[in-house]
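J.: Next comes coords_34.txt, compact mmCIF, N, CA and C atoms:
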```txt
# COMPACT_ATOMS: atom_id res chain seq x y z
N MET A 1 58.45 12.01 37.70
CA MET A 1 57.45 12.09 38.74
C MET A 1 56.61 13.35 38.51
N HIS A 2 55.34 13.23 38.72
CA HIS A 2 54.44 14.36 38.53
C HIS A 2 54.80 15.47 39.52
N PRO A 3 54.79 16.73 39.07
CA PRO A 3 55.18 17.83 39.97
C PRO A 3 54.31 17.95 41.22
N ALA A 4 53.02 17.65 41.11
CA ALA A 4 52.15 17.74 42.29
C ALA A 4 52.51 16.69 43.33
N LEU A 5 52.84 15.49 42.86
CA LEU A 5 53.25 14.43 43.78
C LEU A 5 54.57 14.78 44.45
N GLU A 6 55.48 15.34 43.67
CA GLU A 6 56.77 15.76 44.23
C GLU A 6 56.57 16.85 45.28
N GLY A 7 55.70 17.81 45.00
CA GLY A 7 55.40 18.87 45.97
C GLY A 7 54.75 18.32 47.22
N LEU A 8 53.88 17.33 47.05
CA LEU A 8 53.24 16.70 48.20
C LEU A 8 54.26 16.03 49.10
N LEU A 9 55.20 15.32 48.50
CA LEU A 9 56.24 14.64 49.28
C LEU A 9 57.16 15.64 49.98
N VAL A 10 57.51 16.71 49.29
CA VAL A 10 58.33 17.75 49.91
C VAL A 10 57.56 18.39 51.07
N GLY A 11 56.28 18.62 50.88
CA GLY A 11 55.45 19.19 51.94
C GLY A 11 55.35 18.29 53.15
N PHE A 12 55.19 16.97 52.93
CA PHE A 12 55.17 16.03 54.05
C PHE A 12 56.49 16.04 54.80
N GLY A 13 57.59 16.09 54.07
CA GLY A 13 58.90 16.14 54.71
C GLY A 13 59.08 17.40 55.53
N LEU A 14 58.68 18.52 54.99
CA LEU A 14 58.79 19.79 55.71
C LEU A 14 57.90 19.80 56.94
N ALA A 15 56.69 19.29 56.82
CA ALA A 15 55.77 19.25 57.95
C ALA A 15 56.32 18.35 59.06
N ALA A 16 56.86 17.21 58.68
CA ALA A 16 57.45 16.31 59.68
C ALA A 16 58.65 16.95 60.36
N LEU A 17 59.45 17.66 59.59
CA LEU A 17 60.61 18.35 60.16
C LEU A 17 60.17 19.44 61.15
N LEU A 18 59.15 20.20 60.79
CA LEU A 18 58.66 21.26 61.68
C LEU A 18 58.10 20.70 62.99
N VAL A 19 57.25 19.69 62.88
CA VAL A 19 56.64 19.12 64.09
C VAL A 19 57.70 18.42 64.94
N GLY A 20 58.59 17.69 64.31
CA GLY A 20 59.63 16.98 65.06
C GLY A 20 60.58 17.92 65.78
N SER A 21 61.02 18.97 65.10
CA SER A 21 61.94 19.90 65.75
C SER A 21 61.26 20.67 66.87
N GLU A 22 60.02 21.06 66.67
CA GLU A 22 59.29 21.77 67.73
C GLU A 22 59.08 20.88 68.95
N TYR A 23 58.75 19.61 68.70
CA TYR A 23 58.57 18.67 69.80
C TYR A 23 59.86 18.49 70.59
N LEU A 24 60.98 18.33 69.88
CA LEU A 24 62.26 18.15 70.57
C LEU A 24 62.66 19.38 71.38
N LEU A 25 62.43 20.57 70.82
CA LEU A 25 62.76 21.79 71.55
C LEU A 25 61.89 21.96 72.79
N LEU A 26 60.60 21.67 72.67
CA LEU A 26 59.71 21.80 73.82
C LEU A 26 60.00 20.73 74.87
N ARG A 27 60.39 19.55 74.41
CA ARG A 27 60.74 18.49 75.36
C ARG A 27 61.99 18.85 76.15
N LYS A 28 62.95 19.48 75.47
CA LYS A 28 64.17 19.92 76.14
C LYS A 28 63.84 20.97 77.20
N ALA A 29 62.98 21.91 76.87
CA ALA A 29 62.59 22.95 77.82
C ALA A 29 61.84 22.33 79.01
N ALA A 30 60.98 21.36 78.74
CA ALA A 30 60.24 20.70 79.82
C ALA A 30 61.18 19.89 80.71
N ALA A 31 62.20 19.28 80.12
CA ALA A 31 63.17 18.51 80.91
C ALA A 31 63.99 19.44 81.81
N GLU A 32 64.36 20.60 81.30
CA GLU A 32 65.10 21.56 82.12
C GLU A 32 64.23 22.06 83.27
N ARG A 33 62.97 22.32 82.99
CA ARG A 33 62.06 22.78 84.05
C ARG A 33 61.83 21.68 85.09
N ALA A 34 61.73 20.44 84.63
CA ALA A 34 61.54 19.32 85.55
C ALA A 34 62.77 19.13 86.44
N ALA A 35 63.95 19.31 85.87
CA ALA A 35 65.17 19.18 86.67
C ALA A 35 65.28 20.31 87.68
N GLN A 36 64.84 21.49 87.29
CA GLN A 36 64.91 22.64 88.19
C GLN A 36 63.97 22.46 89.38
N PHE A 37 62.77 21.97 89.15
CA PHE A 37 61.79 21.80 90.22
C PHE A 37 61.78 20.39 90.80
N LYS A 38 62.65 19.52 90.28
CA LYS A 38 62.76 18.13 90.74
C LYS A 38 61.42 17.40 90.68
N SER A 39 60.80 17.49 89.52
CA SER A 39 59.54 16.79 89.28
C SER A 39 59.68 15.97 88.01
N LYS A 40 58.63 15.25 87.64
CA LYS A 40 58.71 14.44 86.43
C LYS A 40 58.51 15.32 85.19
N LEU A 41 59.04 14.84 84.07
CA LEU A 41 58.94 15.56 82.82
C LEU A 41 57.49 15.58 82.36
N GLN A 42 56.95 16.78 82.18
CA GLN A 42 55.56 16.92 81.78
C GLN A 42 55.39 18.24 81.04
N PHE A 43 54.70 18.19 79.90
CA PHE A 43 54.43 19.41 79.16
C PHE A 43 53.37 20.21 79.89
N ASP A 44 53.52 21.53 79.91
CA ASP A 44 52.46 22.35 80.48
C ASP A 44 51.41 22.62 79.39
N ASP A 45 50.35 23.30 79.77
CA ASP A 45 49.23 23.50 78.86
C ASP A 45 49.64 24.32 77.63
N THR A 46 50.47 25.32 77.83
CA THR A 46 50.91 26.15 76.71
C THR A 46 51.72 25.35 75.71
N GLN A 47 52.57 24.49 76.19
CA GLN A 47 53.38 23.67 75.28
C GLN A 47 52.53 22.67 74.52
N ARG A 48 51.55 22.07 75.17
CA ARG A 48 50.65 21.14 74.48
C ARG A 48 49.86 21.86 73.39
N ARG A 49 49.38 23.05 73.69
CA ARG A 49 48.63 23.81 72.69
C ARG A 49 49.52 24.23 71.53
N ARG A 50 50.77 24.56 71.84
CA ARG A 50 51.71 24.97 70.80
C ARG A 50 51.97 23.83 69.82
N ILE A 51 52.18 22.64 70.33
CA ILE A 51 52.40 21.48 69.47
C ILE A 51 51.14 21.18 68.65
N ALA A 52 49.98 21.24 69.30
CA ALA A 52 48.73 20.94 68.59
C ALA A 52 48.45 21.96 67.49
N SER A 53 48.70 23.24 67.75
CA SER A 53 48.44 24.24 66.73
C SER A 53 49.41 24.10 65.55
N LEU A 54 50.66 23.77 65.84
CA LEU A 54 51.61 23.55 64.75
C LEU A 54 51.23 22.31 63.94
N ALA A 55 50.77 21.26 64.61
CA ALA A 55 50.35 20.05 63.90
C ALA A 55 49.14 20.34 63.01
N ARG A 56 48.21 21.14 63.51
CA ARG A 56 47.05 21.51 62.67
C ARG A 56 47.48 22.35 61.48
N PHE A 57 48.44 23.24 61.67
CA PHE A 57 48.95 24.04 60.56
C PHE A 57 49.64 23.15 59.53
N CYS A 58 50.37 22.16 60.00
CA CYS A 58 51.14 21.29 59.09
C CYS A 58 50.24 20.40 58.24
N VAL A 59 48.98 20.30 58.56
CA VAL A 59 48.04 19.55 57.71
C VAL A 59 47.89 20.25 56.36
N PHE A 60 48.02 21.57 56.34
CA PHE A 60 47.82 22.33 55.11
C PHE A 60 49.08 22.49 54.28
N ILE A 61 50.23 22.16 54.82
CA ILE A 61 51.49 22.35 54.09
C ILE A 61 51.60 21.42 52.87
N PRO A 62 51.38 20.09 53.00
CA PRO A 62 51.53 19.24 51.81
C PRO A 62 50.61 19.60 50.64
N PRO A 63 49.31 19.85 50.87
CA PRO A 63 48.50 20.25 49.71
C PRO A 63 48.93 21.59 49.11
N ALA A 64 49.37 22.50 49.94
CA ALA A 64 49.83 23.79 49.43
C ALA A 64 51.09 23.63 48.57
N PHE A 65 52.00 22.79 49.02
CA PHE A 65 53.20 22.54 48.22
C PHE A 65 52.85 21.81 46.93
N ALA A 66 51.90 20.89 46.99
CA ALA A 66 51.49 20.17 45.78
C ALA A 66 50.93 21.14 44.74
N VAL A 67 50.08 22.04 45.17
CA VAL A 67 49.50 23.02 44.25
C VAL A 67 50.58 23.94 43.73
N ALA A 68 51.46 24.40 44.61
CA ALA A 68 52.52 25.32 44.19
C ALA A 68 53.46 24.66 43.18
N PHE A 69 53.88 23.43 43.44
CA PHE A 69 54.76 22.73 42.50
C PHE A 69 54.05 22.50 41.17
N TRP A 70 52.76 22.17 41.23
CA TRP A 70 52.02 21.93 40.00
C TRP A 70 51.92 23.21 39.17
N LEU A 71 51.65 24.34 39.84
CA LEU A 71 51.53 25.61 39.11
C LEU A 71 52.87 26.08 38.56
N ILE A 72 53.94 25.87 39.30
CA ILE A 72 55.24 26.38 38.88
C ILE A 72 55.91 25.48 37.85
N PHE A 73 55.89 24.17 38.08
CA PHE A 73 56.67 23.26 37.25
C PHE A 73 55.89 22.51 36.18
N ALA A 74 54.60 22.66 36.12
CA ALA A 74 53.83 21.92 35.11
C ALA A 74 53.58 22.78 33.87
```
Let me see whether you can do it: turn the structure in this file into C-alpha cells.

T.:
Amino acid sequence: MHPALEGLLVGFGLAALLVGSEYLLLRKAAAERAAQFKSKLQFDDTQRRRIASLARFCVFIPPAFAVAFWLIFA
C-alpha cells in the first residue's frame, strides 16, 4: 500500500477516534447536568462549539498524516 494512502487512513481513524471520544465525554457531562437539574439532555453553547472546533481541526489530520507518512516512509 502506498505510504500516503496508509497515512490518510491512519489519519481518518485518529480523527474519528478524537471526535467520537470527545462527543461521548461531553454527552456524559450533559447527562449528569440534566439529571442534576431534572431537565432534558441538551448540549450547552460551549459544548457545541467545542465539538465543532474539534471537528474542523480533524479535517486537517488525514492530509497531514498522508504527507508525513509519504515523507518518512517513501

J.: Suppose you want the space between atom N of Val59 in chain A and CA of Phe12 in chain A; what is it in Å?

T.: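 Computing the Euclidean distance for atom N of Val59 in chain A and CA of Phe12 in chain A yields 8.8 Å.
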
J.: Have a look at A:Leu25, A:Leu41, A:Ala16, A:Leu8 and name the one nearest to Pro63 in chain A; count all atoms listed in the file.

T.: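 Distance minimum relative to Pro63 in chain A lands on A:Leu8.
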
J.: What is the CA of Glu22 in chain A-CA of Lys38 in chain A distance in Å, reported with one decimal?

T.: 23.6 Å

J.: Of the residues A:Ala30, A:Phe69, A:Leu9, A:Ala64, which is the one nearest to Arg48 in chain A, using only C-alpha atoms?

T.: A:Ala30

J.: Give me, please, the distance in Å between CA of Ala29 in chain A and CA of Pro62 in chain A, quoted to one decimal.

T.: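 According to the coordinates, CA of Ala29 in chain A and CA of Pro62 in chain A are separated by 28.5 Å.
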
J.: Measuring atom to atom with only C-alpha atoms, identify which of A:Ile72, A:Ala35, A:Val19, A:Val67 is nearest to Ala52 in chain A.

T.: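 Ranked by minimum distance to Ala52 in chain A, first place goes to A:Val19.
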
J.: Taking the chain letters and numbering used in this document, name the residues of chain A that DSSP puts in helix (DSSP H, G or I), as a PyMOL selection string.

T.: chain A and resi 3-37+45-58+61-73

J.: Report as a ChimeraX atom specification all protein, DNA and RNA residues lying within 12 Å of Gly20 in chain A, evaluated on only C-alpha atoms, omitting residues in the same chain fewer than 5 positions from it.

T.: /A:12-15,25-27,51,54-55,58
